[in-house]
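Report on the structure given below.
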Amino acid sequence: MTTVKFATDSPYKQEKQQHHITDFKYKEFLVGSGQVKSNNKEVPEHLKVINVALFAFGRAGSIHLTNIMKNSRLHLTYLVESDREKLESVQKEWSLPDSVLLSPQQDHKVFSDPSVHGIIIATPTYLHKDLVTRGLKARKAVFCEKPIADDLEDTRMCYQLAKEMKQPLLCAFNRRFDPSFCQLRQKVQAGEVGQVHLVKTVARDCPLPSIEYIKVSGGLYHDCAVHDIDLVCWVLGEYPTHVFATASAFIPEIAALNDHDTIGFTMKFASGTISMTDISRNAVYGYDQRLEVFGPKGMVSSSNERPYPLVTSNVHGTSEPPLHYSFPSRYCQGYINELNHFCDVVQGVSEVSIPGDNTLKVTKIASALAQSAATGQMVEMVY
Ligand SMILES: NC(=O)c1ccc[n+]([C@@H]2O[C@H](COP(=O)([O-])OP(=O)(O)OC[C@H]3O[C@@H](n4cnc5c(N)ncnc54)[C@H](O)[C@@H]3O)[C@@H](O)[C@H]2O)c1
């Protein structure tokens, strides 16, 4: 009876309970069921359904294709892919009409079709600049996988063109759209850990990408480190003044390409904050993605996710399912959210949340890290 003093009124007589802000799936349910509005802006009639062309159906392209097909705001007008067999398999899976499927030789149809509002680029990186340029010149909104181009000058040119053409250019830094990272950033920016002293990120890829992919990836700095650089700067709201990196190639085939499979890097910020990141191309235990922010008031961290929360205990100990195998499953919600952000931008509901200036700085930092690893020196950033 000692706890009887805590007895309360019937829950029916109390204020109705609301879902917690972190339950984004419940929020989706409320929007879908018409109980909450998805946004307060009126979308022009001709943009209620956005016609898009998707370039490439590889690892990244297939994530986007699935999300396009499941998004009622999007209509797939064209899919451009150089591999005929892939096109045929995807046509069967999604019952796509013949008119949708194009080879790269036919891709002029995309740019001359006035009904196409936007293009989504998921080709190998070396093709990005050309497609971004053609898309913007044809006055299409552009969503492009990272990186926007192979180097800084081409990236700058793409954003300049976007400005001239008055078209959005969204660089797909998908980690910014991950619900856990978004919540972590909000807490950091609300001062929950106080002034940030340390940030740590871990990004270990799984499975090891094919050597064909690595050959055209643009190298570990511009292919992988850009994600962590962007993530750290986005969480902190500042860019580093000094960076230092060291890198190794343990895998002979990667060493033969003069690339690396392992990097450790540090960034120092004007505020005094220090960040540390480690990256590997090959984590055998799953896609290892962690983010931790530490300050005088405490720590906020986003740890690894697993497909489901099953725990098995026996005489040998306790086990859980392995981590998500790779990026399509780990960042599943982030890819959906970034595509929805692109829809918001095209429909005029939102501004592009990743400014060109940010992407240019991230590209510069990635190059400075490569320079640091090559020279063994810390590099001072000049933006
Ligand atoms: N944001 C992310 O999480 C993420 C993850 C993976 C890859 N990426 C980026 O996506 C891009 C593609 O990477 P991927 O892993 O999907 O590569 P991939 O090798 O799996 O796929 C590339 C696809 O492009 C097709 N292709 C080649 N030339 C083409 C052309 N001219 N027109 C149309 N299709 C063409 C290939 O046949 C292949 O299907 C890269 O820029 C990479 O940096 C981003």
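For the structure tokens, the naming scheme is as follows: chains receive sequential letters (A, B, ...) according to their order of presentation, residues are indexed from 1 within each chain, and ligands are indexed from 1 in presentation order.
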Near range 291-300 of chain A, counting only C-alpha atoms, which residues have an atom at most 7 Å away, once you skip same-chain residues fewer than 5 positions from it, shown as JSON, numbers by chain?
{"A": [184, 192, 193, 194, 195, 196, 197, 198, 199, 200, 201, 202]}
Which of range 116-259 of chain A fall in alpha helix (DSSP H), as a VMD selection string:
chain A and resid 128 to 137 152 to 165 179 to 189 211 to 215 219 to 220 226 to 236 252 to 255
Compile the contact shell of Thr262 in chain A as a ChimeraX atom specification: residues with an atom at most 10 Å away, counting only C-alpha atoms, same-chain residues fewer than 6 positions apart removed.
/A:204,220,246-251,278-282
Kindly give the distance, in Å, that separates CA of Lys187 in chain A and CA of Val235 in chain A, rounded to a single decimal.
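Separating CA of Lys187 in chain A from CA of Val235 in chain A is a distance of 9.6 Å.
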Kindly assemble as JSON lines a list of the chain A residues that lie within 7 Å of ligand 1, each paired with its nearest atom pair and their distance in Å to one decimal, using only C-alpha atoms and all ligand atoms, sorted first by chain and then by ascending residue number.
{"residue": "A:Phe55", "atom": "CA", "partner": "ligand 1", "partner_atom_place_in_ligand_line": "33 (C)", "distance": 5.0}
{"residue": "A:Ala56", "atom": "CA", "partner": "ligand 1", "partner_atom_place_in_ligand_line": "34 (N)", "distance": 3.7}
{"residue": "A:Phe57", "atom": "CA", "partner": "ligand 1", "partner_atom_place_in_ligand_line": "39 (O)", "distance": 4.6}
{"residue": "A:Gly58", "atom": "CA", "partner": "ligand 1", "partner_atom_place_in_ligand_line": "21 (O)", "distance": 3.2}
{"residue": "A:Arg59", "atom": "CA", "partner": "ligand 1", "partner_atom_place_in_ligand_line": "16 (O)", "distance": 3.6}
{"residue": "A:Ala60", "atom": "CA", "partner": "ligand 1", "partner_atom_place_in_ligand_line": "16 (O)", "distance": 3.7}
{"residue": "A:Gly61", "atom": "CA", "partner": "ligand 1", "partner_atom_place_in_ligand_line": "16 (O)", "distance": 5.5}
{"residue": "A:Val80", "atom": "CA", "partner": "ligand 1", "partner_atom_place_in_ligand_line": "33 (C)", "distance": 5.0}
{"residue": "A:Glu81", "atom": "CA", "partner": "ligand 1", "partner_atom_place_in_ligand_line": "34 (N)", "distance": 3.7}
{"residue": "A:Ser82", "atom": "CA", "partner": "ligand 1", "partner_atom_place_in_ligand_line": "35 (C)", "distance": 4.6}
{"residue": "A:Asp83", "atom": "CA", "partner": "ligand 1", "partner_atom_place_in_ligand_line": "37 (O)", "distance": 4.7}
{"residue": "A:Ser103", "atom": "CA", "partner": "ligand 1", "partner_atom_place_in_ligand_line": "32 (N)", "distance": 6.9}
{"residue": "A:Pro104", "atom": "CA", "partner": "ligand 1", "partner_atom_place_in_ligand_line": "32 (N)", "distance": 4.7}
{"residue": "A:Ala122", "atom": "CA", "partner": "ligand 1", "partner_atom_place_in_ligand_line": "11 (C)", "distance": 4.5}
{"residue": "A:Thr123", "atom": "CA", "partner": "ligand 1", "partner_atom_place_in_ligand_line": "24 (O)", "distance": 4.1}
{"residue": "A:Pro124", "atom": "CA", "partner": "ligand 1", "partner_atom_place_in_ligand_line": "12 (C)", "distance": 4.4}
{"residue": "A:Thr125", "atom": "CA", "partner": "ligand 1", "partner_atom_place_in_ligand_line": "41 (O)", "distance": 3.8}
{"residue": "A:Leu127", "atom": "CA", "partner": "ligand 1", "partner_atom_place_in_ligand_line": "31 (N)", "distance": 6.8}
{"residue": "A:Glu145", "atom": "CA", "partner": "ligand 1", "partner_atom_place_in_ligand_line": "9 (C)", "distance": 5.0}
{"residue": "A:Lys146", "atom": "CA", "partner": "ligand 1", "partner_atom_place_in_ligand_line": "43 (O)", "distance": 5.2}
{"residue": "A:Pro147", "atom": "CA", "partner": "ligand 1", "partner_atom_place_in_ligand_line": "43 (O)", "distance": 6.0}
{"residue": "A:Ala172", "atom": "CA", "partner": "ligand 1", "partner_atom_place_in_ligand_line": "1 (N)", "distance": 5.8}
{"residue": "A:Phe173", "atom": "CA", "partner": "ligand 1", "partner_atom_place_in_ligand_line": "1 (N)", "distance": 5.9}
{"residue": "A:Asn174", "atom": "CA", "partner": "ligand 1", "partner_atom_place_in_ligand_line": "1 (N)", "distance": 5.4}
{"residue": "A:Tyr213", "atom": "CA", "partner": "ligand 1", "partner_atom_place_in_ligand_line": "19 (O)", "distance": 5.3}
{"residue": "A:Ser217", "atom": "CA", "partner": "ligand 1", "partner_atom_place_in_ligand_line": "43 (O)", "distance": 6.2}
{"residue": "A:Asp223", "atom": "CA", "partner": "ligand 1", "partner_atom_place_in_ligand_line": "43 (O)", "distance": 5.4}
{"residue": "A:Phe327", "atom": "CA", "partner": "ligand 1", "partner_atom_place_in_ligand_line": "3 (O)", "distance": 6.1}
How would the residues just picked look written out with N, CA and C atoms as an mmCIF file, in the first residue's frame?
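Listed below is the output, part.cif:
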data_model
loop_
_atom_site.group_PDB
_atom_site.id
_atom_site.type_symbol
_atom_site.label_atom_id
_atom_site.label_comp_id
_atom_site.auth_asym_id
_atom_site.auth_seq_id
_atom_site.Cartn_x
_atom_site.Cartn_y
_atom_site.Cartn_z
ATOM 1 N N PHE A 55 18.482 8.923 -63.711
ATOM 2 C CA PHE A 55 19.654 8.483 -64.471
ATOM 3 C C PHE A 55 20.399 7.432 -63.666
ATOM 4 N N ALA A 56 20.354 6.230 -64.145
ATOM 5 C CA ALA A 56 21.107 5.073 -63.648
ATOM 6 C C ALA A 56 20.356 4.281 -62.587
ATOM 7 N N PHE A 57 20.566 3.000 -62.725
ATOM 8 C CA PHE A 57 19.895 2.041 -61.865
ATOM 9 C C PHE A 57 20.941 1.112 -61.256
ATOM 10 N N GLY A 58 21.937 1.721 -60.592
ATOM 11 C CA GLY A 58 22.942 0.920 -59.879
ATOM 12 C C GLY A 58 22.536 0.837 -58.421
ATOM 13 N N ARG A 59 23.514 0.868 -57.518
ATOM 14 C CA ARG A 59 23.191 0.764 -56.083
ATOM 15 C C ARG A 59 22.363 1.970 -55.630
ATOM 16 N N ALA A 60 22.877 3.171 -55.902
ATOM 17 C CA ALA A 60 22.149 4.372 -55.461
ATOM 18 C C ALA A 60 20.853 4.542 -56.263
ATOM 19 N N GLY A 61 20.939 4.324 -57.578
ATOM 20 C CA GLY A 61 19.761 4.520 -58.445
ATOM 21 C C GLY A 61 18.612 3.619 -58.056
ATOM 22 N N VAL A 80 16.964 6.244 -67.374
ATOM 23 C CA VAL A 80 18.076 6.115 -68.331
ATOM 24 C C VAL A 80 19.138 5.213 -67.702
ATOM 25 N N GLU A 81 19.474 4.148 -68.392
ATOM 26 C CA GLU A 81 20.466 3.207 -67.841
ATOM 27 C C GLU A 81 21.194 2.582 -69.025
ATOM 28 N N SER A 82 22.514 2.431 -68.876
ATOM 29 C CA SER A 82 23.296 1.902 -70.006
ATOM 30 C C SER A 82 23.259 0.376 -70.082
ATOM 31 N N ASP A 83 22.906 -0.258 -68.984
ATOM 32 C CA ASP A 83 22.913 -1.728 -68.967
ATOM 33 C C ASP A 83 21.508 -2.240 -69.314
ATOM 34 N N SER A 103 18.131 4.361 -73.264
ATOM 35 C CA SER A 103 19.580 4.159 -73.183
ATOM 36 C C SER A 103 20.221 5.545 -73.126
ATOM 37 N N PRO A 104 21.478 5.658 -72.717
ATOM 38 C CA PRO A 104 22.113 6.984 -72.684
ATOM 39 C C PRO A 104 22.086 7.675 -74.051
ATOM 40 N N ALA A 122 22.119 9.403 -60.597
ATOM 41 C CA ALA A 122 22.792 8.394 -59.753
ATOM 42 C C ALA A 122 23.753 7.572 -60.613
ATOM 43 N N THR A 123 24.318 8.224 -61.611
ATOM 44 C CA THR A 123 25.316 7.566 -62.473
ATOM 45 C C THR A 123 26.663 7.570 -61.759
ATOM 46 N N PRO A 124 27.663 6.888 -62.329
ATOM 47 C CA PRO A 124 29.011 7.053 -61.764
ATOM 48 C C PRO A 124 29.384 8.537 -61.733
ATOM 49 N N THR A 125 30.208 8.891 -60.762
ATOM 50 C CA THR A 125 30.518 10.294 -60.475
ATOM 51 C C THR A 125 31.034 11.071 -61.693
ATOM 52 N N LEU A 127 30.221 11.175 -64.576
ATOM 53 C CA LEU A 127 29.173 11.639 -65.510
ATOM 54 C C LEU A 127 28.302 12.746 -64.904
ATOM 55 N N GLU A 145 23.427 12.783 -56.899
ATOM 56 C CA GLU A 145 24.196 12.049 -55.890
ATOM 57 C C GLU A 145 25.507 12.776 -55.621
ATOM 58 N N LYS A 146 26.029 12.616 -54.408
ATOM 59 C CA LYS A 146 27.320 13.206 -54.101
ATOM 60 C C LYS A 146 28.406 12.413 -54.832
ATOM 61 N N PRO A 147 29.520 13.007 -55.222
ATOM 62 C CA PRO A 147 29.743 14.445 -55.274
ATOM 63 C C PRO A 147 29.151 15.037 -56.558
ATOM 64 N N ALA A 172 23.016 15.200 -52.793
ATOM 65 C CA ALA A 172 22.369 14.189 -51.945
ATOM 66 C C ALA A 172 23.248 13.752 -50.767
ATOM 67 N N PHE A 173 23.418 14.647 -49.814
ATOM 68 C CA PHE A 173 24.081 14.251 -48.563
ATOM 69 C C PHE A 173 23.013 13.615 -47.672
ATOM 70 N N ASN A 174 22.768 12.327 -47.918
ATOM 71 C CA ASN A 174 21.606 11.658 -47.317
ATOM 72 C C ASN A 174 21.646 11.591 -45.785
ATOM 73 N N TYR A 213 33.731 -0.276 -59.085
ATOM 74 C CA TYR A 213 33.176 0.946 -58.495
ATOM 75 C C TYR A 213 34.305 1.833 -57.972
ATOM 76 N N SER A 217 35.259 5.866 -58.471
ATOM 77 C CA SER A 217 34.568 6.489 -57.326
ATOM 78 C C SER A 217 35.044 7.911 -57.032
ATOM 79 N N ASP A 223 34.657 10.325 -52.242
ATOM 80 C CA ASP A 223 33.545 9.368 -52.299
ATOM 81 C C ASP A 223 32.933 9.132 -50.910
ATOM 82 N N PHE A 327 24.279 0.581 -46.761
ATOM 83 C CA PHE A 327 23.577 1.874 -46.752
ATOM 84 C C PHE A 327 22.107 1.814 -47.161
#
Would you please extract all strand (DSSP E) residues from range 119-265 of chain A, as assigned by DSSP on the backbone, and give them as number ranges by chain?
A: 119-121, 141-145, 169-172, 198-204, 240-248, 262-265
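The neighbours of Phe24 in chain A here are the residues that come within 12 Å of it, using only C-alpha atoms and leaving out any residue fewer than 6 positions away in the same chain; they are Leu30, Val31, Asp178, Pro179, Ser180, Cys182, Gln183, Gln333, Gly334 and Asn337 of chain A.
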Output C-alpha atoms for every residue in that selection, as a short mmCIF file (atom, residue, chain, number, x, y, z; two decimals), in the first residue's frame.
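Printed below is part-v3.cif as written:
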data_model
loop_
_atom_site.label_atom_id
_atom_site.label_comp_id
_atom_site.auth_asym_id
_atom_site.auth_seq_id
_atom_site.Cartn_x
_atom_site.Cartn_y
_atom_site.Cartn_z
CA LEU A 30 -1.14 11.27 -38.87
CA VAL A 31 -0.32 12.99 -42.17
CA ASP A 178 18.53 10.50 -41.14
CA PRO A 179 16.02 10.89 -38.28
CA SER A 180 18.53 10.03 -35.56
CA CYS A 182 18.55 15.20 -37.23
CA GLN A 183 17.47 14.73 -33.63
CA GLN A 333 14.44 6.54 -44.06
CA GLY A 334 17.05 9.20 -44.87
CA ASN A 337 13.27 12.03 -46.52
#
Interatomic distance (Å, one decimal) between CA of Ile365 in chain A and CA of Val352 in chain A:
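CA of Val352 in chain A lies at a distance of 21.5 Å from CA of Ile365 in chain A.
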Contacts of Glu305 in chain A at 9 Å (only C-alpha atoms; same-chain gap of 5+ positions) as a ChimeraX atom specification
/A:288-289,323-324,330
Written file, previous selection with C-alpha atoms, as a compact mmCIF listing (two decimals), in the first residue's frame:
# COMPACT_ATOMS: atom_id res chain seq x y z
CA ASP A 288 29.07 0.70 -38.98
CA GLN A 289 27.84 4.31 -38.71
CA LEU A 323 23.99 -4.36 -37.88
CA HIS A 324 22.23 -3.28 -41.06
CA ARG A 330 20.72 1.73 -42.67
Nearest to Lys41 in chain A, chosen from A:Asp107, A:Asp344, A:Asp259, A:Glu85, with only C-alpha atoms counted in the distances
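Selected residue with least distance to Lys41 in chain A: A:Asp344.
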Point-to-point distance from CA of Val52 in chain A to CA of Val116 in chain A, Å rounded to tenths
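Between CA of Val52 in chain A and CA of Val116 in chain A the gap is 5.6 Å.
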For range 89-100 of chain A, work out the shell of residues within 8 Å, counting only C-alpha atoms and skipping chain neighbours fewer than 2 positions away, then give it as a compact mmCIF listing (two decimals) with N, CA and C atoms, in the first residue's frame.
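The new file result-v8.txt reads:
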# COMPACT_ATOMS: atom_id res chain seq x y z
N LEU A 76 7.53 8.69 -62.45
CA LEU A 76 8.74 8.39 -63.22
C LEU A 76 8.43 8.49 -64.71
N THR A 77 8.97 9.52 -65.36
CA THR A 77 8.72 9.69 -66.79
C THR A 77 9.75 8.92 -67.61
N TYR A 78 11.01 8.95 -67.13
CA TYR A 78 12.08 8.22 -67.84
C TYR A 78 13.05 7.60 -66.84
N LEU A 79 13.61 6.47 -67.27
CA LEU A 79 14.72 5.85 -66.54
C LEU A 79 15.82 5.60 -67.56
N GLU A 85 20.26 -5.19 -69.63
CA GLU A 85 19.72 -6.28 -68.78
C GLU A 85 19.08 -5.71 -67.51
N LYS A 86 19.74 -4.70 -66.94
CA LYS A 86 19.18 -4.07 -65.74
C LYS A 86 17.84 -3.43 -66.06
N LEU A 87 17.80 -2.77 -67.22
CA LEU A 87 16.55 -2.09 -67.61
C LEU A 87 15.41 -3.10 -67.72
N LEU A 102 15.11 4.32 -71.31
CA LEU A 102 15.98 4.92 -72.32
C LEU A 102 17.41 4.46 -72.14
